[in-house]
$ cat protein-v5.pdb   # PDB, C-alpha atoms
ATOM      1  CA  MET J   1       0.000   0.000   0.000
ATOM      2  CA  ALA J   2       2.839   2.329   0.950
ATOM      3  CA  SER J   3       4.600   1.579  -2.376
ATOM      4  CA  VAL J   4       1.474   2.670  -4.316
ATOM      5  CA  SER J   5       1.421   6.065  -2.509
ATOM      6  CA  ALA J   6       5.131   6.536  -3.141
ATOM      7  CA  SER J   7       4.823   5.811  -6.864
ATOM      8  CA  HIS J   8       1.762   8.122  -7.087
ATOM      9  CA  LEU J   9       3.808  10.859  -5.439
ATOM     10  CA  ILE J  10       6.688  10.320  -7.885
ATOM     11  CA  ILE J  11       4.352  10.464 -10.915
ATOM     12  CA  PHE J  12       2.700  13.585  -9.486
ATOM     13  CA  ILE J  13       6.032  15.373  -9.047
ATOM     14  CA  ALA J  14       7.233  14.237 -12.488
ATOM     15  CA  SER J  15       4.063  15.571 -14.151
ATOM     16  CA  LEU J  16       4.487  18.923 -12.397
ATOM     17  CA  VAL J  17       8.137  19.138 -13.509
ATOM     18  CA  ILE J  18       7.237  18.334 -17.142
ATOM     19  CA  ALA J  19       4.371  20.861 -17.131
ATOM     20  CA  ALA J  20       6.664  23.543 -15.701
ATOM     21  CA  GLY J  21       9.263  22.750 -18.366
ATOM     22  CA  VAL J  22       6.697  23.071 -21.149
ATOM     23  CA  VAL J  23       5.423  26.378 -19.753
ATOM     24  CA  GLY J  24       8.965  27.694 -19.359
ATOM     25  CA  THR J  25       9.847  26.902 -22.972
ATOM     26  CA  LEU J  26       6.581  28.409 -24.202
ATOM     27  CA  THR J  27       6.926  31.711 -22.329
ATOM     28  CA  THR J  28      10.585  32.111 -23.340
ATOM     29  CA  GLY J  29       9.670  31.559 -26.990
ATOM     30  CA  VAL J  30       6.765  33.988 -26.858
ATOM     31  CA  ASP J  31       8.946  36.558 -25.105
ATOM     32  CA  ARG J  32      11.524  36.369 -27.911
ATOM     33  CA  VAL J  33       8.863  36.687 -30.589
ATOM     34  CA  SER J  34       7.370  39.706 -28.765
ATOM     35  CA  SER J  35      10.652  41.591 -28.652
ATOM     36  CA  ALA J  36      11.331  40.723 -32.314
ATOM     37  CA  ILE J  37       7.899  42.135 -33.287
ATOM     38  CA  ASP J  38       8.682  45.261 -31.266
ATOM     39  CA  ASP J  39      12.040  45.803 -33.029
ATOM     40  CA  ARG J  40      10.568  45.082 -36.440
ATOM     41  CA  SER J  41       7.753  47.578 -35.922
ATOM     42  CA  LEU J  42      10.319  50.283 -35.096
ATOM     43  CA  ASP J  43      12.186  49.499 -38.315
ATOM     44  CA  VAL J  44       9.014  49.543 -40.410
ATOM     45  CA  THR J  45       7.916  52.816 -38.774
ATOM     46  CA  GLN J  46      11.247  54.423 -39.659
ATOM     47  CA  GLN J  47      10.969  53.244 -43.252
ATOM     48  CA  VAL J  48       7.403  54.542 -43.563
ATOM     49  CA  ARG J  49       8.265  57.924 -42.030
ATOM     50  CA  MET J  50      11.344  58.422 -44.220
ATOM     51  CA  ASP J  51      11.003  60.546 -47.307
ATOM     52  CA  MET J  52      13.404  62.928 -49.004
ATOM     53  CA  ALA J  53      13.811  64.958 -52.155
ATOM     54  CA  ILE J  54      17.012  65.810 -54.024
ATOM     55  CA  ILE J  55      16.602  69.526 -54.680
ATOM     56  CA  SER J  56      19.837  70.242 -56.570
ATOM     57  CA  ASP J  57      19.569  71.647 -60.079
ATOM     58  CA  PRO J  58      19.963  68.621 -62.410
ATOM     59  CA  SER J  59      21.188  70.774 -65.289
ATOM     60  CA  ASP J  60      23.984  72.466 -63.350
ATOM     61  CA  THR J  61      25.089  70.468 -60.301
ATOM     62  CA  PRO J  62      28.197  71.930 -58.629
ATOM     63  CA  TYR J  63      31.269  69.791 -59.302
ATOM     64  CA  ASP J  64      34.822  70.913 -58.625
ATOM     65  CA  THR J  65      36.800  69.562 -61.527
ATOM     66  CA  ALA J  66      40.120  67.785 -61.321
ATOM     67  CA  GLU J  67      41.904  71.077 -62.066
ATOM     68  CA  THR J  68      41.080  72.382 -58.603
ATOM     69  CA  GLY J  69      42.289  69.055 -57.234
ATOM     70  CA  THR J  70      39.248  68.119 -55.191
ATOM     71  CA  ASN J  71      36.756  66.201 -57.397
ATOM     72  CA  ASN J  72      33.960  67.231 -55.050
ATOM     73  CA  LEU J  73      30.373  66.757 -56.179
ATOM     74  CA  SER J  74      27.867  68.609 -54.044
ATOM     75  CA  ILE J  75      24.183  67.730 -53.873
ATOM     76  CA  HIS J  76      21.466  69.075 -51.596
ATOM     77  CA  VAL J  77      18.720  66.897 -50.182
ATOM     78  CA  ARG J  78      15.623  68.025 -48.311
ATOM     79  CA  ASN J  79      14.003  65.857 -45.647
ATOM     80  CA  THR J  80      10.314  65.642 -46.624
ATOM     81  CA  GLY J  81       9.493  62.827 -44.217
ATOM     82  CA  SER J  82       8.407  63.060 -40.602
ATOM     83  CA  GLN J  83      11.514  61.971 -38.721
ATOM     84  CA  GLY J  84      15.092  63.029 -38.191
ATOM     85  CA  VAL J  85      18.145  61.231 -39.534
ATOM     86  CA  PRO J  86      21.661  61.534 -38.072
ATOM     87  CA  THR J  87      23.924  63.641 -40.286
ATOM     88  CA  GLU J  88      26.552  60.929 -40.568
ATOM     89  CA  ALA J  89      27.980  59.434 -43.726
ATOM     90  CA  SER J  90      27.076  55.946 -42.496
ATOM     91  CA  ALA J  91      23.350  56.792 -42.683
ATOM     92  CA  PHE J  92      23.615  57.597 -46.409
ATOM     93  CA  ASP J  93      24.258  55.041 -49.145
ATOM     94  CA  VAL J  94      25.391  56.525 -52.442
ATOM     95  CA  VAL J  95      25.832  54.809 -55.797
ATOM     96  CA  LEU J  96      27.284  57.086 -58.473
ATOM     97  CA  ASN J  97      27.367  55.897 -62.090
ATOM     98  CA  GLY J  98      27.072  52.292 -60.926
ATOM     99  CA  GLN J  99      29.875  52.554 -58.370
ATOM    100  CA  PHE J 100      29.207  52.387 -54.657
ATOM    101  CA  ILE J 101      30.795  55.298 -52.810
ATOM    102  CA  GLY J 102      32.342  54.387 -49.460
ATOM    103  CA  ASN J 103      31.686  56.378 -46.294
ATOM    104  CA  ASP J 104      35.209  57.851 -46.377
ATOM    105  CA  ASN J 105      34.364  59.719 -49.568
ATOM    106  CA  ILE J 106      31.070  61.163 -48.342
ATOM    107  CA  ALA J 107      30.672  64.199 -46.110
ATOM    108  CA  VAL J 108      27.229  65.179 -44.828
ATOM    109  CA  GLU J 109      26.415  68.516 -43.228
ATOM    110  CA  ASP J 110      23.266  70.469 -42.475
ATOM    111  CA  ALA J 111      23.224  73.251 -45.098
ATOM    112  CA  ASN J 112      21.614  75.898 -42.880
ATOM    113  CA  ASN J 113      22.808  74.857 -39.470
ATOM    114  CA  PRO J 114      26.324  73.405 -39.778
ATOM    115  CA  GLY J 115      27.257  71.232 -36.845
ATOM    116  CA  SER J 116      23.722  70.002 -36.270
ATOM    117  CA  GLY J 117      23.852  66.278 -35.620
ATOM    118  CA  ILE J 118      20.331  65.586 -36.813
ATOM    119  CA  TRP J 119      18.768  66.164 -40.215
ATOM    120  CA  ARG J 120      15.268  67.205 -39.174
ATOM    121  CA  SER J 121      12.081  67.246 -41.198
ATOM    122  CA  GLY J 122      12.046  70.256 -43.577
ATOM    123  CA  GLU J 123      15.805  70.761 -43.280
ATOM    124  CA  VAL J 124      18.377  70.482 -46.070
ATOM    125  CA  VAL J 125      21.685  68.631 -45.958
ATOM    126  CA  GLU J 126      24.611  69.032 -48.291
ATOM    127  CA  ILE J 127      26.244  65.773 -49.335
ATOM    128  CA  VAL J 128      29.755  66.208 -50.687
ATOM    129  CA  ILE J 129      30.906  63.189 -52.678
ATOM    130  CA  THR J 130      34.566  62.904 -53.564
ATOM    131  CA  ASP J 131      34.835  60.865 -56.742
ATOM    132  CA  ASP J 132      36.568  61.237 -60.081
ATOM    133  CA  SER J 133      34.077  59.160 -62.098
ATOM    134  CA  VAL J 134      31.744  62.125 -62.705
ATOM    135  CA  ASP J 135      31.198  62.569 -66.434
ATOM    136  CA  GLU J 136      31.486  66.280 -67.182
ATOM    137  CA  ILE J 137      30.254  65.997 -70.776
ATOM    138  CA  ASP J 138      27.423  63.475 -70.715
ATOM    139  CA  GLY J 139      24.959  62.788 -67.945
ATOM    140  CA  ASN J 140      25.444  61.071 -64.610
ATOM    141  CA  ARG J 141      23.187  58.981 -62.438
ATOM    142  CA  LEU J 142      23.215  59.001 -58.664
ATOM    143  CA  ILE J 143      21.177  56.697 -56.430
ATOM    144  CA  LEU J 144      20.776  57.803 -52.825
ATOM    145  CA  THR J 145      19.340  55.458 -50.204
ATOM    146  CA  VAL J 146      18.476  56.470 -46.645
ATOM    147  CA  ASN J 147      16.414  54.163 -44.400
ATOM    148  CA  GLU J 148      15.410  52.167 -47.495
ATOM    149  CA  ASP J 149      13.973  55.269 -49.162
ATOM    150  CA  GLN J 150      15.585  55.516 -52.580
ATOM    151  CA  GLU J 151      15.963  58.565 -54.794
ATOM    152  CA  THR J 152      17.447  58.583 -58.266
ATOM    153  CA  PHE J 153      19.052  61.785 -59.547
ATOM    154  CA  GLU J 154      20.170  62.202 -63.144
ATOM    155  CA  PHE J 155      22.265  65.291 -63.666
ATOM    156  CA  GLU J 156      24.873  67.187 -65.624
ATOM    157  CA  THR J 157      27.620  69.254 -64.092
TER     158      THR J 157
ATOM    159  CA  MET P   1      -3.229   9.936 -11.125
ATOM    160  CA  GLY P   2      -6.271  12.154 -11.590
ATOM    161  CA  PHE P   3      -4.809  14.907  -9.439
ATOM    162  CA  SER P   4      -1.512  14.923 -11.445
ATOM    163  CA  VAL P   5      -3.385  15.577 -14.693
ATOM    164  CA  SER P   6      -5.428  18.397 -13.143
ATOM    165  CA  ALA P   7      -2.359  20.029 -11.586
ATOM    166  CA  SER P   8      -0.238  19.924 -14.759
ATOM    167  CA  THR P   9      -3.182  21.160 -16.865
ATOM    168  CA  ALA P  10      -3.582  24.077 -14.476
ATOM    169  CA  ILE P  11       0.133  24.933 -14.771
ATOM    170  CA  ILE P  12       0.035  24.790 -18.594
ATOM    171  CA  PHE P  13      -3.061  27.022 -18.723
ATOM    172  CA  ALA P  14      -1.463  29.534 -16.384
ATOM    173  CA  GLY P  15       1.579  29.540 -18.697
ATOM    174  CA  LEU P  16      -0.614  30.085 -21.760
ATOM    175  CA  PHE P  17      -2.245  33.103 -20.108
ATOM    176  CA  LEU P  18       1.176  34.480 -19.220
ATOM    177  CA  ALA P  19       2.375  34.060 -22.825
ATOM    178  CA  ALA P  20      -0.756  35.705 -24.222
ATOM    179  CA  GLY P  21      -0.267  38.568 -21.776
ATOM    180  CA  THR P  22       3.256  39.183 -23.117
ATOM    181  CA  LEU P  23       2.366  38.784 -26.787
ATOM    182  CA  TYR P  24      -0.751  40.947 -26.918
ATOM    183  CA  PRO P  25       0.787  44.306 -25.829
ATOM    184  CA  ALA P  26       3.756  43.775 -28.171
ATOM    185  CA  VAL P  27       1.519  43.123 -31.190
ATOM    186  CA  SER P  28      -0.912  45.931 -30.408
ATOM    187  CA  ASN P  29       1.879  48.504 -29.804
ATOM    188  CA  ALA P  30       3.621  47.464 -33.021
ATOM    189  CA  HIS P  31       0.399  47.756 -34.989
ATOM    190  CA  GLU P  32      -0.438  51.150 -33.512
ATOM    191  CA  ARG P  33       3.055  52.482 -34.250
ATOM    192  CA  VAL P  34       2.985  51.410 -37.896
ATOM    193  CA  THR P  35      -0.594  52.641 -38.375
ATOM    194  CA  ASP P  36       0.336  56.080 -36.965
ATOM    195  CA  ALA P  37       3.281  56.328 -39.365
ATOM    196  CA  GLU P  38       1.097  55.311 -42.309
ATOM    197  CA  ILE P  39      -1.573  57.883 -41.418
ATOM    198  CA  GLU P  40       1.099  60.574 -41.251
ATOM    199  CA  ARG P  41       2.491  59.532 -44.637
ATOM    200  CA  THR P  42      -0.977  59.563 -46.216
ATOM    201  CA  ASP P  43      -1.608  63.066 -44.824
ATOM    202  CA  ALA P  44       1.760  64.282 -46.152
ATOM    203  CA  THR P  45       1.013  62.825 -49.604
ATOM    204  CA  LEU P  46      -2.382  64.556 -49.658
ATOM    205  CA  ASP P  47      -0.750  67.872 -48.681
ATOM    206  CA  MET P  48       1.896  67.382 -51.365
ATOM    207  CA  ARG P  49      -0.763  66.836 -54.035
ATOM    208  CA  ASN P  50      -2.538  69.999 -52.882
ATOM    209  CA  THR P  51       0.637  72.081 -52.977
ATOM    210  CA  ASP P  52       1.708  74.089 -55.988
ATOM    211  CA  ILE P  53       3.935  77.121 -56.430
ATOM    212  CA  ASN P  54       4.708  79.263 -59.442
ATOM    213  CA  ILE P  55       7.601  81.654 -60.021
ATOM    214  CA  THR P  56       6.008  84.807 -61.421
ATOM    215  CA  VAL P  57       8.776  87.419 -61.365
ATOM    216  CA  VAL P  58      12.562  87.144 -61.425
ATOM    217  CA  ASP P  59      14.767  90.209 -61.094
ATOM    218  CA  THR P  60      18.262  89.270 -62.235
ATOM    219  CA  SER P  61      20.310  92.356 -61.360
ATOM    220  CA  ASP P  62      18.887  93.251 -57.950
ATOM    221  CA  PRO P  63      18.279  89.560 -57.249
ATOM    222  CA  SER P  64      14.756  88.754 -56.178
ATOM    223  CA  VAL P  65      12.256  86.012 -56.942
ATOM    224  CA  GLY P  66       8.489  86.476 -56.742
ATOM    225  CA  VAL P  67       6.664  83.224 -56.010
ATOM    226  CA  ARG P  68       2.920  82.642 -55.726
ATOM    227  CA  ASN P  69       1.330  79.883 -53.677
ATOM    228  CA  GLU P  70      -1.082  78.355 -56.188
ATOM    229  CA  GLY P  71      -2.044  75.304 -54.185
ATOM    230  CA  SER P  72      -4.603  74.943 -51.438
ATOM    231  CA  THR P  73      -2.259  74.367 -48.499
ATOM    232  CA  SER P  74      -0.501  76.924 -46.323
ATOM    233  CA  LEU P  75       3.275  76.763 -46.562
ATOM    234  CA  ASN P  76       6.075  77.990 -44.346
ATOM    235  CA  ALA P  77       7.854  80.944 -45.975
ATOM    236  CA  SER P  78      10.845  80.523 -43.657
ATOM    237  CA  GLU P  79      11.509  76.993 -44.935
ATOM    238  CA  VAL P  80      11.832  77.754 -48.629
ATOM    239  CA  ASP P  81      14.996  76.722 -50.446
ATOM    240  CA  ILE P  82      16.337  78.654 -53.417
ATOM    241  CA  ILE P  83      18.895  77.358 -55.895
ATOM    242  CA  VAL P  84      20.440  79.999 -58.151
ATOM    243  CA  ASP P  85      22.501  78.876 -61.173
ATOM    244  CA  GLY P  86      22.977  75.457 -59.575
ATOM    245  CA  GLU P  87      24.251  76.854 -56.268
ATOM    246  CA  TYR P  88      22.183  76.298 -53.139
ATOM    247  CA  GLN P  89      21.467  79.540 -51.284
ATOM    248  CA  SER P  90      21.314  79.128 -47.529
ATOM    249  CA  ARG P  91      18.063  80.296 -45.952
ATOM    250  CA  GLY P  92      19.497  83.566 -44.633
ATOM    251  CA  GLU P  93      20.588  84.615 -48.127
ATOM    252  CA  TYR P  94      17.170  85.265 -49.665
ATOM    253  CA  SER P  95      14.802  86.776 -47.126
ATOM    254  CA  PRO P  96      11.029  86.480 -47.706
ATOM    255  CA  SER P  97       8.870  89.625 -47.815
ATOM    256  CA  ASP P  98       6.458  87.973 -45.397
ATOM    257  CA  GLU P  99       7.832  85.470 -42.882
ATOM    258  CA  GLY P 100       5.882  82.621 -41.359
ATOM    259  CA  ILE P 101       2.671  81.293 -42.889
ATOM    260  CA  TRP P 102       2.383  81.600 -46.667
ATOM    261  CA  VAL P 103      -1.322  81.254 -47.408
ATOM    262  CA  PRO P 104      -2.832  80.050 -50.732
ATOM    263  CA  GLY P 105      -2.993  82.804 -53.333
ATOM    264  CA  GLU P 106      -0.367  84.940 -51.576
ATOM    265  CA  MET P 107       2.672  86.131 -53.476
ATOM    266  CA  ILE P 108       5.955  86.383 -51.630
ATOM    267  CA  THR P 109       9.132  88.012 -52.881
ATOM    268  CA  PHE P 110      12.478  86.612 -51.810
ATOM    269  CA  ASN P 111      15.190  89.262 -51.859
ATOM    270  CA  ALA P 112      18.938  88.846 -51.679
ATOM    271  CA  SER P 113      21.243  91.654 -50.611
ATOM    272  CA  SER P 114      24.007  90.683 -53.024
ATOM    273  CA  GLY P 115      24.833  88.473 -56.003
ATOM    274  CA  SER P 116      22.947  88.050 -59.251
ATOM    275  CA  ILE P 117      20.878  85.537 -61.186
ATOM    276  CA  THR P 118      22.345  84.800 -64.588
ATOM    277  CA  ASP P 119      20.885  81.529 -65.778
ATOM    278  CA  ARG P 120      18.123  79.841 -63.842
ATOM    279  CA  VAL P 121      16.463  79.778 -60.468
ATOM    280  CA  LYS P 122      14.733  76.950 -58.637
ATOM    281  CA  VAL P 123      12.436  77.340 -55.645
ATOM    282  CA  VAL P 124      11.660  74.373 -53.368
ATOM    283  CA  THR P 125       9.013  74.413 -50.680
ATOM    284  CA  ASP P 126       7.355  71.973 -48.249
ATOM    285  CA  HIS P 127       7.088  68.313 -49.331
ATOM    286  CA  GLY P 128       9.759  68.932 -51.979
ATOM    287  CA  VAL P 129       7.341  70.726 -54.332
ATOM    288  CA  SER P 130       9.406  72.912 -56.636
ATOM    289  CA  ASP P 131       9.295  75.278 -59.592
ATOM    290  CA  MET P 132      12.096  76.344 -61.901
ATOM    291  CA  GLU P 133      12.471  79.376 -64.120
ATOM    292  CA  VAL P 134      15.035  79.998 -66.835
ATOM    293  CA  VAL P 135      15.825  83.717 -67.089
TER     294      VAL P 135
END
$ encode --input "protein-v5.pdb" --output "structure tokens"
Amino acid sequence: MASVSASHLIIFIASLVIAAGVVGTLTTGVDRVSSAIDDRSLDVTQQVRMDMAIISDPSDTPYDTAETGTNNLSIHVRNTGSQGVPTEASAFDVVLNGQFIGNDNIAVEDANNPGSGIWRSGEVVEIVITDDSVDEIDGNRLILTVNEDQETFEFET
Amino acid sequence: MGFSVSASTAIIFAGLFLAAGTLYPAVSNAHERVTDAEIERTDATLDMRNTDINITVVDTSDPSVGVRNEGSTSLNASEVDIIVDGEYQSRGEYSPSDEGIWVPGEMITFNASSGSITDRVKVVTDHGVSDMEVV
């Protein structure tokens, strides 16, 4: 009789341990999914809020030719979205005439408030691209991507 | 035996409630956040479609640009960007005749104290709406 009670007790404890294990695994999994959904929604929100317009004159974009020794192409971009973007080269992806331009060759600065660390809505930034592949006779094509918002700019210097 | 099943079922149900309690706020916050952003984008697109400007007068020697708001939205005259002959003019360069709200139908003149306009001028306002004039 005593052995029956003991085995019942063991089965009872074992069932509790298994149930607790299942619940533990379930809540951990759900917790991970919840924080992933949270992060993803922030990303999507940023992408939806991002919008910009390249306002430079496509027929006469300032480009310092090789004679001056700089090869600096300067374009101005206005933030037409509803969020700020850090004015850092790493936030801007530039492809010029099919060539990706590395962060070392891009300088970004607020055009009206130099030194401002954030490119706010309605503000304009100047992006200076140092590259010698700019075609000064025919046209050029520049693709600018910020927060997955892409703008294409076809211009002559 | 019967009590073991009841006890473990109770634990699993409690766990399910706990999991639902964690998941629901995350999903509803995420949804609300994205919906807010989408509403804002839709509003901005509507405003952009309702915005239109037209350059009416350009004085090349004593540089000034007269621009009329021909849309149905009010714009901000202090946040207008002017590009003269390909060169961006910072906002202090060309001062508007009337600062602040630029109502539909109103004409505003942007005057510069120095320089000249030789080739073309481009005016950009809210939402990236622009107009260009060759002089």
$ resolve_selection --input "protein-v5.pdb" --expression "the PyMOL selection byres ((chain J and resi 120) around 12)" --output "ChimeraX atom specification"
/J:49-52,77-87,109-113,116-119,121-125 /P:79
$ residues_around --input "protein-v5.pdb" --residues "Gly115 (chain P)" --least-positions-apart "6" --cutoff "10 Å" --atoms "only C-alpha atoms" --output "PDB file with C-alpha atoms, keeping the file's coordinate frame"
ATOM      1  CA  THR P  60      18.262  89.270 -62.235  1.00  0.00           C
ATOM      2  CA  SER P  61      20.310  92.356 -61.360  1.00  0.00           C
ATOM      3  CA  ASP P  62      18.887  93.251 -57.950  1.00  0.00           C
ATOM      4  CA  PRO P  63      18.279  89.560 -57.249  1.00  0.00           C
ATOM      5  CA  VAL P  84      20.440  79.999 -58.151  1.00  0.00           C
ATOM      6  CA  GLU P  93      20.588  84.615 -48.127  1.00  0.00           C
TER       7      GLU P  93
END
$ residues_around --input "protein-v5.pdb" --residues "region 5-14 of chain P" --least-positions-apart "3" --cutoff "9 Å" --atoms "all atoms listed in the file" --output "PyMOL selection string"
(chain J and resi 12+15-20+22-23) or (chain P and resi 1-2+17-19)
$ write_last_selection --input "protein-v5.pdb" --atoms "C-alpha atoms" --output "PDB file, in the coordinates of the input"
ATOM      1  CA  PHE J  12       2.700  13.585  -9.486  1.00  0.00           C
ATOM      2  CA  SER J  15       4.063  15.571 -14.151  1.00  0.00           C
ATOM      3  CA  LEU J  16       4.487  18.923 -12.397  1.00  0.00           C
ATOM      4  CA  VAL J  17       8.137  19.138 -13.509  1.00  0.00           C
ATOM      5  CA  ILE J  18       7.237  18.334 -17.142  1.00  0.00           C
ATOM      6  CA  ALA J  19       4.371  20.861 -17.131  1.00  0.00           C
ATOM      7  CA  ALA J  20       6.664  23.543 -15.701  1.00  0.00           C
ATOM      8  CA  VAL J  22       6.697  23.071 -21.149  1.00  0.00           C
ATOM      9  CA  VAL J  23       5.423  26.378 -19.753  1.00  0.00           C
TER      10      VAL J  23
ATOM     11  CA  MET P   1      -3.229   9.936 -11.125  1.00  0.00           C
ATOM     12  CA  GLY P   2      -6.271  12.154 -11.590  1.00  0.00           C
ATOM     13  CA  PHE P  17      -2.245  33.103 -20.108  1.00  0.00           C
ATOM     14  CA  LEU P  18       1.176  34.480 -19.220  1.00  0.00           C
ATOM     15  CA  ALA P  19       2.375  34.060 -22.825  1.00  0.00           C
TER      16      ALA P  19
END
$ residues_around --input "protein-v5.pdb" --residues "Asn29 (chain P)" --least-positions-apart "5" --cutoff "12 Å" --atoms "all atoms listed in the file" --output "NGL selection string"
(:J and (34-35 or 37-42 or 45)) or (:P and (22-24 or 34-36))
$ resolve_selection --input "protein-v5.pdb" --expression "the PyMOL selection byres ((chain J and resi 128) around 8)" --output "PyMOL selection string"
chain J and resi 72-75+106-108+126-127+129-130
$ atom_distance --input "protein-v5.pdb" --atom1 "CA of Pro25 (chain P)" --atom2 "CA of Thr42 (chain P)"
25.5 Å
$ residues_around --input "protein-v5.pdb" --residues "Asp132 (chain J)" --least-positions-apart "6" --cutoff "9 Å" --atoms "only C-alpha atoms" --output "VMD selection string"
chain J and resid 65 to 66 70 to 72
$ resolve_selection --input "protein-v5.pdb" --expression "the PyMOL selection byres ((chain J and resi 134) around 12)" --output "PyMOL selection string"
chain J and resi 61-66+71-74+95-99+129-133+135-142+154-157
$ write_last_selection --input "protein-v5.pdb" --atoms "C-alpha atoms" --output "compact mmCIF listing (two decimals), in the frame of the given file"
# COMPACT_ATOMS: atom_id res chain seq x y z
CA THR J 61 25.09 70.47 -60.30
CA PRO J 62 28.20 71.93 -58.63
CA TYR J 63 31.27 69.79 -59.30
CA ASP J 64 34.82 70.91 -58.62
CA THR J 65 36.80 69.56 -61.53
CA ALA J 66 40.12 67.78 -61.32
CA ASN J 71 36.76 66.20 -57.40
CA ASN J 72 33.96 67.23 -55.05
CA LEU J 73 30.37 66.76 -56.18
CA SER J 74 27.87 68.61 -54.04
CA VAL J 95 25.83 54.81 -55.80
CA LEU J 96 27.28 57.09 -58.47
CA ASN J 97 27.37 55.90 -62.09
CA GLY J 98 27.07 52.29 -60.93
CA GLN J 99 29.88 52.55 -58.37
CA ILE J 129 30.91 63.19 -52.68
CA THR J 130 34.57 62.90 -53.56
CA ASP J 131 34.84 60.86 -56.74
CA ASP J 132 36.57 61.24 -60.08
CA SER J 133 34.08 59.16 -62.10
CA ASP J 135 31.20 62.57 -66.43
CA GLU J 136 31.49 66.28 -67.18
CA ILE J 137 30.25 66.00 -70.78
CA ASP J 138 27.42 63.48 -70.72
CA GLY J 139 24.96 62.79 -67.94
CA ASN J 140 25.44 61.07 -64.61
CA ARG J 141 23.19 58.98 -62.44
CA LEU J 142 23.22 59.00 -58.66
CA GLU J 154 20.17 62.20 -63.14
CA PHE J 155 22.26 65.29 -63.67
CA GLU J 156 24.87 67.19 -65.62
CA THR J 157 27.62 69.25 -64.09
$ residues_around --input "protein-v5.pdb" --residues "Asn147 (chain J)" --least-positions-apart "4" --cutoff "8 Å" --atoms "only C-alpha atoms" --output "PDB file with C-alpha atoms, in the frame of the given file"
ATOM      1  CA  GLN J  46      11.247  54.423 -39.659  1.00  0.00           C
ATOM      2  CA  GLN J  47      10.969  53.244 -43.252  1.00  0.00           C
ATOM      3  CA  MET J  50      11.344  58.422 -44.220  1.00  0.00           C
ATOM      4  CA  ALA J  91      23.350  56.792 -42.683  1.00  0.00           C
TER       5      ALA J  91
END
$ axis_aligned_box --input "protein-v5.pdb" --around "region 14-24 of chain J" --padding-each-side "5 Å" --output "lines of an AutoDock Vina configuration file"
center_x = 6.7
center_y = 21.0
center_z = -16.8
size_x = 15.2
size_y = 23.5
size_z = 18.8
$ closest_residue --input "protein-v5.pdb" --among "P:Ala112, P:Ile117, P:Val65, P:Ile83" --to "chain J" --atoms "only C-alpha atoms"
P:Ile83
$ closest_residue --input "protein-v5.pdb" --among "J:Glu151, J:Ser56, J:Ile10, J:Val4" --to "chain P" --atoms "only C-alpha atoms"
J:Ser56
$ closest_residue --input "protein-v5.pdb" --among "P:Ala44, P:Glu70, P:Thr125, P:Val103" --to "Thr56 (chain P)" --atoms "all atoms listed in the file"
P:Glu70
$ closest_residue --input "protein-v5.pdb" --among "P:Glu133, P:Glu106, P:Glu99, P:Asp59" --to "chain J" --atoms "all atoms listed in the file"
P:Glu133
